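Colleague: To be precise about what I am sending: the file is called target.cif and holds mmCIF, C-alpha atoms and all ligand atoms.
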data_my_file
loop_
_atom_site.label_atom_id
_atom_site.label_comp_id
_atom_site.auth_asym_id
_atom_site.auth_seq_id
_atom_site.Cartn_x
_atom_site.Cartn_y
_atom_site.Cartn_z
CA MET H 251 -21.99 -28.51 -14.27
CA HIS H 252 -19.98 -25.55 -15.55
CA ASP H 253 -18.15 -25.80 -18.82
CA THR H 254 -14.50 -24.78 -18.69
CA LEU H 255 -15.12 -21.49 -20.50
CA THR H 256 -17.67 -20.44 -17.87
CA THR H 257 -15.29 -21.36 -15.06
CA LEU H 258 -12.56 -19.27 -16.69
CA THR H 259 -14.97 -16.36 -17.20
CA GLU H 260 -15.98 -16.43 -13.55
CA LEU H 261 -12.36 -16.39 -12.42
CA LEU H 262 -11.54 -13.47 -14.71
CA ARG H 263 -14.51 -11.56 -13.32
CA GLU H 264 -12.75 -11.49 -9.98
CA LEU H 265 -9.96 -9.31 -11.43
CA PRO H 266 -10.21 -5.64 -10.41
CA GLY H 267 -12.15 -3.52 -12.89
CA ILE H 268 -13.36 -6.43 -14.99
CA GLY H 269 -17.09 -6.70 -15.71
CA PRO H 270 -19.00 -9.77 -16.97
CA ARG H 271 -18.72 -8.89 -20.67
CA GLN H 272 -15.03 -8.10 -20.51
CA ALA H 273 -14.46 -11.32 -18.58
CA ARG H 274 -16.18 -13.32 -21.32
CA ARG H 275 -14.17 -11.53 -24.01
CA LEU H 276 -10.93 -12.23 -22.12
CA ALA H 277 -11.85 -15.89 -21.69
CA TYR H 278 -12.31 -16.24 -25.46
CA TRP H 279 -9.03 -14.39 -25.98
CA PHE H 280 -7.17 -16.76 -23.65
CA VAL H 281 -8.45 -19.95 -25.26
CA ARG H 282 -7.36 -18.68 -28.67
CA ARG H 283 -3.75 -18.24 -27.54
CA ASP H 284 -1.45 -21.14 -28.27
CA HIS H 285 -0.83 -23.74 -25.59
CA ALA H 286 2.82 -22.81 -24.93
CA TRP H 287 1.91 -19.17 -24.27
CA VAL H 288 -0.87 -20.07 -21.85
CA GLU H 289 1.51 -22.36 -20.03
CA ARG H 290 4.12 -19.57 -19.75
CA PHE H 291 1.44 -17.21 -18.48
CA ALA H 292 0.19 -19.66 -15.87
CA ARG H 293 3.74 -20.38 -14.65
CA ALA H 294 4.60 -16.67 -14.40
CA LEU H 295 1.44 -16.13 -12.37
CA ILE H 296 2.24 -18.90 -9.92
CA ALA H 297 5.90 -17.86 -9.62
CA ALA H 298 4.94 -14.22 -8.91
CA ARG H 299 2.36 -15.32 -6.38
CA ASP H 300 4.79 -17.58 -4.53
CA LYS H 301 7.86 -15.38 -4.61
CA VAL H 302 6.24 -12.14 -3.57
CA LYS H 303 5.64 -11.75 0.14
CA THR H 304 4.07 -9.18 2.40
CA CYS H 305 6.62 -7.57 4.72
CA ASP H 306 5.48 -8.17 8.27
CA LEU H 307 6.63 -4.72 9.38
CA CYS H 308 5.56 -2.29 6.65
CA MET H 309 3.04 -4.53 4.82
CA ARG H 310 4.52 -3.82 1.41
CA LEU H 311 4.90 -6.54 -1.17
CA PHE H 312 8.47 -7.56 -1.87
CA PRO H 313 10.15 -10.26 -3.95
CA SER H 314 11.73 -12.89 -1.76
CA GLU H 315 13.55 -16.07 -2.69
CA HIS H 316 14.36 -16.80 0.93
CA THR H 317 12.54 -17.09 4.18
CA ALA H 318 12.99 -13.38 4.99
CA SER H 319 9.84 -11.90 6.45
CA ARG H 320 11.02 -8.29 6.23
CA CYS H 321 11.67 -6.21 3.14
CA SER H 322 14.99 -4.55 2.28
CA LEU H 323 13.79 -1.16 3.52
CA CYS H 324 12.71 -2.48 6.91
CA SER H 325 15.90 -4.46 7.41
CA ASN H 326 18.14 -1.53 6.39
CA HIS H 327 19.65 -0.17 9.61
CA HIS H 328 20.78 3.04 7.94
CA ARG H 329 17.19 4.25 7.56
CA ASP H 330 15.94 6.80 10.07
CA ALA H 331 14.02 4.74 12.63
CA HIS H 332 12.31 7.79 14.16
CA LEU H 333 10.07 8.53 11.21
CA LEU H 334 7.24 6.36 9.91
CA LEU H 335 5.65 7.48 6.66
CA VAL H 336 2.18 6.06 6.12
CA VAL H 337 1.18 5.66 2.47
CA GLU H 338 -1.91 4.28 0.83
CA LYS H 339 -0.44 1.77 -1.59
CA ASP H 340 2.75 0.04 -2.71
CA VAL H 341 3.13 2.23 -5.80
CA ASP H 342 3.12 5.39 -3.64
CA LEU H 343 5.98 3.96 -1.58
CA GLU H 344 7.89 3.00 -4.71
CA ASN H 345 7.46 6.46 -6.17
CA ILE H 346 8.48 8.29 -3.00
CA GLU H 347 11.52 6.00 -2.78
CA LYS H 348 12.40 6.90 -6.36
CA THR H 349 12.47 10.61 -5.50
CA GLY H 350 15.25 9.82 -2.97
CA THR H 351 13.97 12.53 -0.61
CA TYR H 352 12.82 10.36 2.30
CA LYS H 353 15.11 8.23 4.46
CA GLY H 354 12.80 6.96 7.20
CA ARG H 355 10.54 3.94 7.53
CA TYR H 356 7.27 3.19 5.80
CA PHE H 357 3.89 1.64 6.41
CA VAL H 358 1.48 0.67 3.62
CA LEU H 359 -2.12 1.22 4.67
CA GLY H 360 -3.59 -0.74 1.77
CA GLY H 361 -6.32 1.74 0.85
CA THR H 362 -8.41 4.65 2.02
CA THR H 363 -11.68 4.93 3.83
CA SER H 364 -14.52 7.43 3.72
CA ASN H 365 -16.66 8.97 6.45
CA LEU H 366 -19.53 6.87 5.14
CA ASP H 367 -17.78 3.56 5.79
CA LYS H 368 -19.32 1.69 8.70
CA GLU H 369 -16.28 -0.51 9.23
CA PRO H 370 -13.21 1.49 8.18
CA GLU H 371 -10.99 -1.14 9.84
CA ARG H 372 -11.83 -3.44 6.94
CA LYS H 373 -10.67 -0.92 4.34
CA VAL H 374 -7.36 0.16 5.86
CA ARG H 375 -4.73 -1.73 7.89
CA VAL H 376 -5.24 0.37 10.95
CA ARG H 377 -4.94 -2.52 13.42
CA GLU H 378 -1.63 -3.52 11.86
CA LEU H 379 -0.50 0.10 12.03
CA LEU H 380 -1.37 0.21 15.70
CA ALA H 381 0.61 -2.98 16.27
CA ARG H 382 3.53 -1.49 14.30
CA ILE H 383 3.76 1.69 16.35
CA THR H 384 3.50 -0.12 19.66
CA LEU H 385 6.24 -2.69 18.99
CA PRO H 386 8.46 -3.12 22.04
CA ASN H 387 11.88 -1.41 21.75
CA ASP H 388 10.73 0.64 18.81
CA THR H 389 12.16 4.10 18.24
CA ILE H 390 9.47 5.77 16.15
CA SER H 391 8.69 9.24 17.38
CA GLU H 392 6.73 10.67 14.47
CA ILE H 393 4.11 9.25 12.13
CA VAL H 394 3.81 11.18 8.88
CA LEU H 395 0.53 10.64 7.08
CA ALA H 396 1.19 10.82 3.35
CA LEU H 397 -2.18 10.21 1.78
CA SER H 398 -3.61 11.59 -1.42
CA ALA H 399 -5.10 15.09 -1.34
CA THR H 400 -8.54 13.75 -2.19
CA THR H 401 -11.75 13.62 -0.15
CA GLU H 402 -11.13 9.98 0.74
CA GLY H 403 -7.51 10.78 1.60
CA GLU H 404 -8.67 13.51 3.98
CA ASP H 405 -11.36 11.29 5.52
CA THR H 406 -8.69 8.64 6.10
CA VAL H 407 -6.40 11.16 7.80
CA ALA H 408 -9.25 12.18 10.13
CA PHE H 409 -10.06 8.53 10.90
CA LEU H 410 -6.42 7.61 11.59
CA LYS H 411 -5.88 10.61 13.84
CA GLU H 412 -8.89 9.70 15.94
CA TYR H 413 -8.11 5.98 16.03
CA LEU H 414 -4.46 6.46 16.95
CA ALA H 415 -4.89 9.40 19.32
CA PRO H 416 -4.89 7.48 22.65
CA THR H 417 -1.88 5.37 21.61
CA CYS H 418 0.01 8.43 20.41
CA THR H 419 -0.59 10.16 23.71
CA ASN H 420 0.56 7.10 25.68
CA HIS H 421 3.68 6.56 23.61
CA ALA H 422 4.52 10.26 23.11
CA LEU H 423 4.17 9.91 19.35
CA LYS H 424 3.62 12.87 17.10
CA ILE H 425 1.31 12.63 14.09
CA SER H 426 2.01 15.00 11.22
CA ILE H 427 0.59 15.45 7.76
CA LEU H 428 2.57 15.89 4.59
CA GLY H 429 2.65 19.58 3.57
CA ARG H 430 0.49 20.32 0.63
CA GLY H 431 2.85 21.45 -2.07
CA LEU H 432 0.66 18.86 -3.71
CA SER H 433 -2.30 20.37 -5.51
CA THR H 434 -5.75 19.06 -4.69
CA GLY H 435 -6.30 15.66 -6.18
CA THR H 436 -2.60 15.04 -6.79
CA GLU H 437 -1.84 11.41 -6.22
CA LEU H 438 1.43 10.52 -4.52
CA GLU H 439 1.90 7.99 -7.23
CA TYR H 440 2.92 10.82 -9.57
CA VAL H 441 4.79 13.12 -7.18
CA ASP H 442 8.21 14.41 -8.25
CA ALA H 443 11.34 14.92 -6.11
CA ASP H 444 10.96 18.70 -5.61
CA THR H 445 7.31 18.49 -4.60
CA MET H 446 8.02 15.59 -2.29
CA LYS H 447 10.92 17.41 -0.66
CA SER H 448 8.84 20.49 0.06
CA ALA H 449 5.90 18.37 1.21
CA LEU H 450 8.19 16.64 3.72
CA LEU H 451 9.71 19.91 4.92
CA GLY H 452 6.26 21.49 5.15
CA ARG H 453 4.72 18.71 7.19
CA SER H 454 2.78 19.86 10.23
ZN ZN H 501 9.03 -3.67 5.09
#
What does the file become when written as structure tokens?
Ligand SMILES: [Zn+2]
Modeller:
Amino acid sequence: MHDTLTTLTELLRELPGIGPRQARRLAYWFVRRDHAWVERFARALIAARDKVKTCDLCMRLFPSEHTASRCSLCSNHHRDAHLLLVVEKDVDLENIEKTGTYKGRYFVLGGTTSNLDKEPERKVRVRELLARITLPNDTISEIVLALSATTEGEDTVAFLKEYLAPTCTNHALKISILGRGLSTGTELEYVDADTMKSALLGRS
């Protein structure tokens, strides 16, 4: 049977970027904290887990005390419902929102894929994206792919274009790509308002 320290180590190993040694070190660190602190930590973890939901339209995480299944951006009727900006992760969306340059809708893909991936559908939420753009009574007319200017970002763009092509033709949807005022390798996470504005204007 596992001792409690081993159980804790194994759980910590599941955290992103944590190897076996680091996990062991963290486990020792945790058990040396005082009881009250560990209790606060555990409660904060559970509260965050329970009060953060995934929006069923854009797939972003949002804090919700109620039974709402849609985030504030998706339920805001003043947003342009013709444009759907597809980003890789929640932080990209947050950062683009902060620049105040985009007023349309969003979709969070959840990652990128590479040409070498055998099952890209497992790496990116492409099925959910397909469901999103084919919702009845929807008014989206353009999907703007806003992925990082990296090799994986470009592979993902190519994959999405191919995967969505038949649907886009059937629904008269245009797919565009964010203009590259962004230098190669620039992550959207760090983009500023001016760059974002010109990238949106320069989309093609
Ligand atoms: Zn949403």
Colleague: Identify which of the residues H:Asp442, H:Cys305, H:Ala286, H:Leu423 lies closest to Ser325 of chain H, counting all atoms listed in the file when measuring atom-to-atom distances.
Modeller: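 Nearest candidate to Ser325 of chain H out of H:Asp442, H:Cys305, H:Ala286, H:Leu423: H:Cys305.
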Colleague: Ligand ZN 501 (chain H): which residues are within 10 Å, counting all atoms listed in the file, as number ranges by chain?
Modeller: H: 304-312, 319-326, 355-358
Colleague: Which polymer residues have any atom within 10 Å of an atom of Leu333 of chain H, counting only C-alpha atoms, with same-chain residues fewer than 2 positions away left out, as a PyMOL selection string?
Modeller: chain H and resi 329-331+335-336+352-356+389-394+424
Colleague: Would you mind telling me which residue in H:His421, H:Leu366, H:Val281, H:Val441 lies nearest to Asn387 of chain H when using all atoms listed in the file?
Modeller: H:His421
Colleague: Could you give me, as a list of chain:residue names, the residues within 12 Å of Glu371 of chain H, counting only C-alpha atoms and dropping anything in the same chain fewer than 2 positions from it?
Modeller: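 Answer for this query is H:Leu359, H:Gly360, H:Gly361, H:Thr362, H:Thr363, H:Ser364, H:Asp367, H:Lys368, H:Glu369, H:Lys373, H:Val374, H:Arg375, H:Val376, H:Arg377, H:Glu378, H:Leu379, H:Leu380, H:Thr406, H:Phe409, H:Leu410, H:Tyr413.
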Colleague: Go through H:Ala422, H:Ala292, H:Ile427, H:Leu438 and flag the residue nearest Ala408 of chain H, using all atoms listed in the file for the distances.
Modeller: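 Under the stated criterion, the closest residue is H:Ile427.
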Colleague: When you look at segment 270-279 of chain H with a cut-off of 8 Å (counting all atoms listed in the file), what residues show up, excluding the ones that are within fewer than 4 positions of it in the same chain? I need them as a list in words.
Modeller: Leu255, Leu258, Thr259, Glu260, Leu262, Arg263 and Arg283 of chain H
Colleague: Find the residue from H:Val302, H:Ile346, H:Leu395, H:Leu265 that sits nearest to Met446 of chain H; use all atoms listed in the file when measuring.
Modeller: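 Distance minimum relative to Met446 of chain H lands on H:Ile346.
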Colleague: Rebuild segment 295-309 of chain H so that it carries N, CA and C atoms, then output the result as a compact mmCIF listing (two decimals), in the coordinates of the input.
Modeller:
# COMPACT_ATOMS: atom_id res chain seq x y z
N LEU H 295 2.42 -16.51 -13.38
CA LEU H 295 1.44 -16.13 -12.37
C LEU H 295 1.73 -16.83 -11.04
N ILE H 296 1.98 -18.12 -11.13
CA ILE H 296 2.24 -18.90 -9.92
C ILE H 296 3.57 -18.48 -9.28
N ALA H 297 4.60 -18.26 -10.14
CA ALA H 297 5.90 -17.86 -9.62
C ALA H 297 5.79 -16.51 -8.90
N ALA H 298 5.09 -15.55 -9.52
CA ALA H 298 4.94 -14.22 -8.91
C ALA H 298 4.20 -14.34 -7.59
N ARG H 299 3.16 -15.14 -7.60
CA ARG H 299 2.36 -15.32 -6.38
C ARG H 299 3.20 -15.91 -5.24
N ASP H 300 4.04 -16.89 -5.56
CA ASP H 300 4.79 -17.58 -4.53
C ASP H 300 6.04 -16.85 -4.08
N LYS H 301 6.59 -16.02 -4.97
CA LYS H 301 7.86 -15.38 -4.61
C LYS H 301 7.69 -13.96 -4.10
N VAL H 302 6.47 -13.47 -4.10
CA VAL H 302 6.24 -12.14 -3.57
C VAL H 302 5.58 -12.29 -2.20
N LYS H 303 6.18 -11.63 -1.21
CA LYS H 303 5.64 -11.75 0.14
C LYS H 303 5.20 -10.39 0.67
N THR H 304 4.44 -10.42 1.72
CA THR H 304 4.07 -9.18 2.40
C THR H 304 5.02 -9.00 3.58
N CYS H 305 5.68 -7.85 3.62
CA CYS H 305 6.62 -7.57 4.72
C CYS H 305 5.83 -7.49 6.02
N ASP H 306 6.28 -8.17 7.04
CA ASP H 306 5.48 -8.17 8.27
C ASP H 306 5.64 -6.90 9.11
N LEU H 307 6.53 -5.99 8.67
CA LEU H 307 6.63 -4.72 9.38
C LEU H 307 5.90 -3.59 8.67
N CYS H 308 6.16 -3.43 7.36
CA CYS H 308 5.56 -2.29 6.65
C CYS H 308 4.39 -2.70 5.75
N MET H 309 4.16 -4.01 5.60
CA MET H 309 3.04 -4.53 4.82
C MET H 309 3.17 -4.35 3.32
